[in-house]
file work_9.tsv (TSV, C-alpha atoms and all ligand atoms)
chain	number	residue	atom	x	y	z
A	1	MET	CA	-14.13	-7.36	-9.47
A	2	SER	CA	-10.80	-9.14	-9.67
A	3	GLY	CA	-8.32	-6.97	-7.97
A	4	ALA	CA	-5.28	-8.09	-6.09
A	5	ILE	CA	-1.75	-8.05	-7.37
A	6	LEU	CA	0.14	-11.31	-6.75
A	7	VAL	CA	3.82	-10.89	-5.89
A	8	ILE	CA	5.93	-14.04	-6.30
A	9	GLU	CA	9.34	-13.33	-4.81
A	10	ASP	CA	11.47	-15.24	-2.30
A	11	GLU	CA	13.83	-12.44	-1.24
A	12	PRO	CA	12.16	-10.89	1.82
A	13	LEU	CA	13.56	-7.38	1.32
A	14	VAL	CA	12.42	-7.16	-2.28
A	15	ARG	CA	9.07	-8.78	-1.53
A	16	ASP	CA	8.37	-6.38	1.34
A	17	LEU	CA	9.49	-3.34	-0.66
A	18	VAL	CA	7.22	-4.23	-3.56
A	19	ALA	CA	4.25	-5.17	-1.40
A	20	PHE	CA	4.56	-2.12	0.81
A	21	ASN	CA	4.73	0.30	-2.08
A	22	LEU	CA	1.87	-1.30	-3.98
A	23	GLN	CA	-0.30	-1.21	-0.88
A	24	HIS	CA	0.70	2.39	-0.26
A	25	ALA	CA	-0.40	3.18	-3.82
A	26	GLY	CA	-3.80	1.68	-3.05
A	27	TYR	CA	-3.56	-1.82	-4.50
A	28	ALA	CA	-4.56	-5.02	-2.76
A	29	VAL	CA	-1.52	-7.31	-2.62
A	30	GLN	CA	-0.94	-10.99	-1.96
A	31	THR	CA	2.55	-12.49	-1.69
A	32	VAL	CA	3.94	-16.00	-2.13
A	33	THR	CA	7.56	-17.13	-2.11
A	34	THR	CA	7.91	-20.27	-4.21
A	35	PHE	CA	7.43	-21.50	-7.76
A	36	ALA	CA	4.81	-24.05	-6.66
A	37	ASP	CA	2.72	-21.58	-4.66
A	38	GLY	CA	2.93	-18.97	-7.39
A	39	LEU	CA	1.83	-21.43	-10.03
A	40	SER	CA	-1.10	-22.77	-8.03
A	41	GLN	CA	-2.31	-19.24	-7.24
A	42	LEU	CA	-2.09	-18.09	-10.85
A	43	LEU	CA	-3.82	-21.18	-12.20
A	44	GLN	CA	-6.93	-19.96	-10.42
A	45	ARG	CA	-8.10	-18.14	-13.49
A	46	GLU	CA	-8.90	-14.40	-13.47
A	47	ARG	CA	-8.27	-14.07	-9.79
A	48	TYR	CA	-5.48	-11.52	-10.04
A	49	ALA	CA	-5.27	-8.18	-11.81
A	50	LEU	CA	-1.52	-8.59	-12.26
A	51	ALA	CA	1.35	-10.88	-11.23
A	52	ILE	CA	4.85	-9.67	-10.40
A	53	VAL	CA	7.13	-12.68	-10.85
A	54	ASP	CA	10.76	-13.00	-9.80
A	55	VAL	CA	12.82	-15.04	-12.26
A	56	MET	CA	14.89	-16.94	-9.67
A	57	LEU	CA	12.48	-18.77	-7.37
A	58	PRO	CA	12.85	-21.69	-5.00
A	59	GLY	CA	11.59	-24.73	-6.86
A	60	GLY	CA	11.82	-23.32	-10.36
A	61	ASP	CA	12.31	-20.58	-12.87
A	62	GLY	CA	9.84	-17.67	-13.03
A	63	ILE	CA	9.89	-17.80	-16.82
A	64	GLU	CA	8.88	-21.45	-16.80
A	65	LEU	CA	6.08	-20.46	-14.42
A	66	VAL	CA	4.81	-17.86	-16.90
A	67	ARG	CA	5.03	-20.38	-19.74
A	68	ARG	CA	2.86	-22.86	-17.84
A	69	VAL	CA	0.32	-20.21	-16.90
A	70	ARG	CA	0.01	-19.04	-20.51
A	71	GLN	CA	-0.24	-22.66	-21.65
A	72	GLN	CA	-3.42	-22.89	-19.59
A	73	GLY	CA	-4.86	-19.92	-21.46
A	74	ILE	CA	-4.57	-17.56	-18.51
A	75	SER	CA	-3.91	-14.01	-19.63
A	76	THR	CA	-3.22	-12.30	-16.29
A	77	PRO	CA	-0.63	-9.58	-17.05
A	78	VAL	CA	2.85	-10.51	-15.85
A	79	LEU	CA	5.70	-8.20	-14.86
A	80	LEU	CA	9.02	-10.05	-14.46
A	81	LEU	CA	11.68	-9.07	-11.95
A	82	THR	CA	15.01	-9.80	-13.60
A	83	ALA	CA	18.59	-9.42	-12.45
A	84	ARG	CA	20.82	-6.81	-14.01
A	85	GLY	CA	22.37	-7.68	-17.35
A	86	GLU	CA	20.29	-10.76	-18.05
A	87	SER	CA	19.24	-9.72	-21.54
A	88	THR	CA	18.58	-13.31	-22.59
A	89	THR	CA	16.18	-13.61	-19.64
A	90	LYS	CA	14.16	-10.67	-20.95
A	91	VAL	CA	13.92	-12.19	-24.41
A	92	ARG	CA	12.92	-15.58	-22.99
A	93	GLY	CA	10.37	-13.82	-20.79
A	94	PHE	CA	8.71	-12.06	-23.71
A	95	ASP	CA	8.82	-15.29	-25.74
A	96	VAL	CA	6.72	-17.11	-23.17
A	97	GLY	CA	4.24	-14.26	-22.79
A	98	ALA	CA	5.46	-12.00	-20.00
A	99	ASP	CA	4.21	-8.46	-20.58
A	100	ASP	CA	7.03	-6.36	-19.17
A	101	TYR	CA	9.99	-6.52	-16.85
A	102	VAL	CA	11.97	-4.40	-14.41
A	103	THR	CA	15.60	-5.02	-13.62
A	104	LYS	CA	16.73	-5.29	-10.02
A	105	PRO	CA	17.64	-3.10	-8.30
A	106	PHE	CA	14.74	-0.98	-9.52
A	107	ASP	CA	13.34	2.41	-8.59
A	108	VAL	CA	9.95	2.23	-6.92
A	109	PRO	CA	8.43	4.98	-9.13
A	110	GLU	CA	9.48	3.00	-12.21
A	111	LEU	CA	7.92	-0.19	-10.85
A	112	LEU	CA	4.68	1.63	-10.05
A	113	ALA	CA	4.61	3.26	-13.49
A	114	ARG	CA	4.97	-0.15	-15.15
A	115	VAL	CA	2.25	-1.63	-12.95
A	116	ARG	CA	-0.10	1.22	-13.85
A	117	ALA	CA	0.66	0.83	-17.54
A	118	LEU	CA	0.01	-2.93	-17.46
A	119	LEU	CA	-3.25	-2.54	-15.57
A	120	ARG	CA	-4.37	0.11	-18.02
A	121	ARG	CA	-3.35	-2.01	-21.00
A	122	ALA	CA	-5.28	-4.96	-19.64
A	123	SER	CA	-8.47	-3.02	-20.51
A	124	GLY	CA	-11.54	-4.00	-18.53
A	125	ASP	CA	-10.84	-7.72	-18.44
A	126	HIS	CA	-9.01	-7.79	-15.17
A	127	GLY	CA	-10.81	-4.93	-13.49
A	128	PHE	CA	-9.46	-1.65	-12.33
A	129	VAL	CA	-8.84	-0.99	-8.68
A	130	VAL	CA	-10.82	2.21	-8.35
A	131	GLY	CA	-14.47	2.71	-8.98
A	132	GLY	CA	-17.03	0.27	-10.16
A	133	GLY	CA	-19.89	1.25	-12.36
A	134	GLY	CA	-22.13	-1.48	-13.67
A	135	GLY	CA	-22.91	-2.47	-17.18
A	136	GLY	CA	-20.67	-4.01	-19.78
A	137	GLY	CA	-17.32	-2.78	-20.92
A	138	ALA	CA	-14.63	-1.26	-18.78
A	139	PRO	CA	-15.51	-0.12	-15.27
A	140	ARG	CA	-16.04	3.57	-14.90
A	141	PHE	CA	-15.41	5.72	-11.92
A	142	GLU	CA	-18.39	7.94	-11.06
A	143	PHE	CA	-18.59	10.95	-8.82
A	144	GLY	CA	-20.59	14.10	-8.26
A	145	GLY	CA	-23.78	12.08	-7.88
A	146	GLY	CA	-23.32	10.47	-11.30
A	147	ARG	CA	-22.86	13.80	-13.07
A	148	TYR	CA	-19.28	12.89	-13.95
A	149	TRP	CA	-17.52	9.64	-14.83
A	150	ILE	CA	-14.08	8.60	-15.99
A	151	ARG	CA	-12.95	5.44	-17.75
A	152	PHE	CA	-9.36	5.09	-16.68
A	153	ASP	CA	-8.54	2.53	-19.36
A	154	SER	CA	-9.60	4.58	-22.37
A	155	GLY	CA	-9.44	8.11	-20.97
A	156	LEU	CA	-13.04	8.78	-21.98
A	157	ALA	CA	-14.89	10.95	-19.46
A	158	GLN	CA	-18.26	12.60	-18.94
A	159	THR	CA	-17.55	16.26	-18.15
A	160	ASN	CA	-19.09	19.72	-18.17
A	161	GLU	CA	-18.16	19.78	-21.85
A	162	GLY	CA	-19.86	16.46	-22.57
A	163	GLU	CA	-17.87	13.33	-23.38
A	164	VAL	CA	-14.20	14.13	-23.87
A	165	THR	CA	-11.04	12.08	-24.12
A	166	LEU	CA	-8.56	13.14	-21.46
A	167	SER	CA	-4.86	13.43	-22.19
A	168	ASP	CA	-2.52	10.88	-20.66
A	169	LYS	CA	-1.24	13.40	-18.12
A	170	GLU	CA	-4.73	14.57	-17.16
A	171	LEU	CA	-5.74	10.96	-16.67
A	172	ARG	CA	-2.73	10.08	-14.58
A	173	LEU	CA	-3.14	13.15	-12.42
A	174	LEU	CA	-6.77	12.25	-11.77
A	175	GLU	CA	-5.81	8.63	-11.13
A	176	GLN	CA	-3.39	9.66	-8.40
A	177	LEU	CA	-5.92	11.92	-6.73
A	178	VAL	CA	-8.79	9.45	-7.02
A	179	ARG	CA	-6.79	6.48	-5.74
A	180	GLN	CA	-5.95	8.42	-2.61
A	181	GLU	CA	-9.34	9.98	-2.16
A	182	ASP	CA	-9.61	12.43	0.74
A	183	ARG	CA	-5.85	12.53	1.21
A	184	VAL	CA	-3.77	15.62	0.52
A	185	LEU	CA	-1.14	15.10	-2.18
A	186	SER	CA	1.63	17.65	-2.47
A	187	ARG	CA	2.55	19.16	-5.82
A	188	ALA	CA	5.94	17.46	-5.50
A	189	ASP	CA	4.27	14.04	-5.00
A	190	LEU	CA	2.04	14.59	-7.99
A	191	LEU	CA	4.94	15.71	-10.16
A	192	GLU	CA	6.89	12.60	-9.26
A	193	GLU	CA	3.98	10.23	-9.81
A	194	VAL	CA	2.58	11.74	-12.97
A	195	TRP	CA	5.58	13.23	-14.73
A	196	GLY	CA	8.23	10.95	-13.27
A	197	MET	CA	11.31	10.96	-15.39
A	198	ASP	CA	9.58	12.42	-18.46
A	199	ALA	CA	10.51	16.02	-17.96
A	200	PHE	CA	11.07	18.63	-15.33
A	201	PRO	CA	7.95	20.75	-15.23
A	202	THR	CA	7.45	23.27	-12.46
A	203	GLU	CA	4.87	22.92	-9.72
A	204	ARG	CA	2.95	25.60	-11.60
A	205	THR	CA	2.34	22.91	-14.25
A	206	ILE	CA	0.25	20.97	-11.75
A	207	ASP	CA	-1.80	24.08	-10.96
A	208	ASN	CA	-2.53	24.60	-14.64
A	209	PHE	CA	-3.66	21.00	-15.06
A	210	VAL	CA	-5.89	21.26	-12.01
A	211	LEU	CA	-7.48	24.45	-13.40
A	212	ARG	CA	-8.24	22.61	-16.63
A	213	LEU	CA	-9.66	19.60	-14.75
A	214	ARG	CA	-11.87	21.88	-12.68
A	215	ARG	CA	-13.40	23.30	-15.85
A	216	LEU	CA	-14.28	19.72	-16.78
A	217	PHE	CA	-15.28	18.23	-13.42
A	218	GLU	CA	-16.53	20.97	-11.13
A	219	PRO	CA	-20.15	22.21	-11.02
A	220	ASP	CA	-18.62	25.64	-10.31
A	221	PRO	CA	-14.92	25.71	-11.26
A	222	GLU	CA	-14.45	28.88	-9.19
A	223	SER	CA	-15.59	27.08	-6.02
A	224	PRO	CA	-14.22	23.55	-6.36
A	225	VAL	CA	-15.76	20.74	-4.32
A	226	HIS	CA	-14.06	17.68	-5.90
A	227	LEU	CA	-10.55	18.93	-6.76
A	228	VAL	CA	-9.83	20.88	-3.63
A	229	THR	CA	-6.82	23.07	-2.87
A	230	VAL	CA	-5.40	22.64	0.61
A	231	ARG	CA	-3.46	25.83	1.09
A	232	GLY	CA	0.24	25.34	1.57
A	233	ARG	CA	-0.02	21.56	1.20
A	234	GLY	CA	-1.39	20.52	-2.16
A	235	TYR	CA	-4.58	19.01	-3.55
A	236	LEU	CA	-7.08	16.39	-2.56
A	237	PHE	CA	-9.93	14.66	-4.35
A	238	ARG	CA	-13.39	14.28	-2.83
A	239	ARG	CA	-15.97	12.10	-4.50
A	240	ASN	CA	-18.86	13.57	-2.52
A	241	PRO	CA	-18.55	17.09	-1.19
B	301	CA	CA	14.74	-14.72	-6.14
call {"tool": "encode", "arguments": {"input": "work_9.tsv", "output": "structure tokens"}}
result
Amino acid sequence: MSGAILVIEDEPLVRDLVAFNLQHAGYAVQTVTTFADGLSQLLQRERYALAIVDVMLPGGDGIELVRRVRQQGISTPVLLLTARGESTTKVRGFDVGADDYVTKPFDVPELLARVRALLRRASGDHGFVVGGGGGGGAPRFEFGGGRYWIRFDSGLAQTNEGEVTLSDKELRLLEQLVRQEDRVLSRADLLEEVWGMDAFPTERTIDNFVLRLRRLFEPDPESPVHLVTVRGRGYLFRRNP
């Protein structure tokens, strides 16, 4: 499975911030600092799940880099890092085939949300970092001894109620828990990751979503083994009880 995210950025502080936070969120990350290195890495077809490309690079322009990569028929999703107020840069970026951009200085949750969205949009072609699951089509994440599975790209899942399509929020909540399997996530963390800037739900909202997910993904929803409450701390996901 192709997996790593390539970060092409020469400014050490930005590069480290991006790499650290992506790794913390469970992604494999590789970094390079120049136009030439970025180009040669990306021209190795299908190797990366996503590229995060700074526009101002030693040796060349990040937009020119994207143009050359697309010219070679490589469809790796690209997120551009642009400087504030460079609206022409954004237009040029989209013109050459960049998929999205964030403006520096950016908020980490926003960057992560855009990364997630791009990886999801890329369907199965570039792989998804969690799970595996053989066969054709998008990878699916299996647990409970194969009783349950989730396709994180389409939201389709095998549940106690048969095959259902999960809502975006249900999917993102599960994604957070699954990515950080066996680690306790607080309600506040989950609210920030899943709801972000959308709204201001209460922590009770998380509890209600978890109750719904237990009806779908627990052999006995009253005695959960996968979506476990850790009293006073939050929730954790366990693939195998
Ligand atoms: Ca730069």
call {"tool": "closest_atom_pairs", "arguments": {"input": "work_9.tsv", "of": "chain A", "to": "ligand CA 301 (chain B)", "cutoff": "8 Å", "atoms": "all atoms listed in the file", "output": "Markdown table"}}
result
| residue | atom | partner | partner_atom | distance |
| --- | --- | --- | --- | --- |
| A:Glu9 | CA | B:CA301 | CA | 5.7 |
| A:Asp10 | CA | B:CA301 | CA | 5.1 |
| A:Glu11 | CA | B:CA301 | CA | 5.5 |
| A:Asp54 | CA | B:CA301 | CA | 5.7 |
| A:Val55 | CA | B:CA301 | CA | 6.4 |
| A:Met56 | CA | B:CA301 | CA | 4.2 |
| A:Leu57 | CA | B:CA301 | CA | 4.8 |
| A:Pro58 | CA | B:CA301 | CA | 7.3 |
call {"tool": "residues_near_point", "arguments": {"input": "work_9.tsv", "point": "(-6.1, 18.8, -3.1)", "cutoff": "8 Å", "atoms": "all atoms listed in the file", "output": "list in words"}}
result
Leu177, Arg183, Val184, Leu185, Ser186, Leu227, Val228, Thr229, Val230, Arg233, Gly234, Tyr235, Leu236 and Phe237 of chain A
call {"tool": "closest_residue", "arguments": {"input": "work_9.tsv", "among": "A:Tyr148, A:Leu6, A:Leu22, A:Leu13", "to": "Leu79 (chain A)", "atoms": "all atoms listed in the file"}}
result
A:Leu6
call {"tool": "residues_around", "arguments": {"input": "work_9.tsv", "residues": "Ala25 (chain A)", "least_positions_apart": "5", "cutoff": "10 Å", "atoms": "all atoms listed in the file", "output": "number ranges by chain"}}
result
A: 19-20, 112, 176, 179-180
call {"tool": "write_last_selection", "arguments": {"input": "work_9.tsv", "atoms": "C-alpha atoms", "output": "PDB file, keeping the file's coordinate frame"}}
result
ATOM      1  CA  ALA A  19       4.250  -5.170  -1.400  1.00  0.00           C
ATOM      2  CA  PHE A  20       4.560  -2.120   0.810  1.00  0.00           C
ATOM      3  CA  LEU A 112       4.680   1.630 -10.050  1.00  0.00           C
ATOM      4  CA  GLN A 176      -3.390   9.660  -8.400  1.00  0.00           C
ATOM      5  CA  ARG A 179      -6.790   6.480  -5.740  1.00  0.00           C
ATOM      6  CA  GLN A 180      -5.950   8.420  -2.610  1.00  0.00           C
TER       7      GLN A 180
END
call {"tool": "atom_distance", "arguments": {"input": "work_9.tsv", "atom1": "CA of Asp100 (chain A)", "atom2": "CA of Ile63 (chain A)"}}
result
12.0 Å
call {"tool": "atom_distance", "arguments": {"input": "work_9.tsv", "atom1": "CA of Arg15 (chain A)", "atom2": "CA of Leu81 (chain A)"}}
result
10.7 Å
call {"tool": "residues_near_point", "arguments": {"input": "work_9.tsv", "point": "(-14.4, 16.0, -7.8)", "cutoff": "8 Å", "atoms": "all atoms listed in the file", "output": "VMD selection string"}}
result
chain A and resid 143 to 144 217 to 218 224 to 228 237 to 241
call {"tool": "write_last_selection", "arguments": {"input": "work_9.tsv", "atoms": "C-alpha atoms", "output": "mmCIF file, in the coordinates of the input"}}
result
data_model
loop_
_atom_site.group_PDB
_atom_site.id
_atom_site.type_symbol
_atom_site.label_atom_id
_atom_site.label_comp_id
_atom_site.auth_asym_id
_atom_site.auth_seq_id
_atom_site.Cartn_x
_atom_site.Cartn_y
_atom_site.Cartn_z
ATOM 1 C CA PHE A 143 -18.590 10.950 -8.820
ATOM 2 C CA GLY A 144 -20.590 14.100 -8.260
ATOM 3 C CA PHE A 217 -15.280 18.230 -13.420
ATOM 4 C CA GLU A 218 -16.530 20.970 -11.130
ATOM 5 C CA PRO A 224 -14.220 23.550 -6.360
ATOM 6 C CA VAL A 225 -15.760 20.740 -4.320
ATOM 7 C CA HIS A 226 -14.060 17.680 -5.900
ATOM 8 C CA LEU A 227 -10.550 18.930 -6.760
ATOM 9 C CA VAL A 228 -9.830 20.880 -3.630
ATOM 10 C CA PHE A 237 -9.930 14.660 -4.350
ATOM 11 C CA ARG A 238 -13.390 14.280 -2.830
ATOM 12 C CA ARG A 239 -15.970 12.100 -4.500
ATOM 13 C CA ASN A 240 -18.860 13.570 -2.520
ATOM 14 C CA PRO A 241 -18.550 17.090 -1.190
#
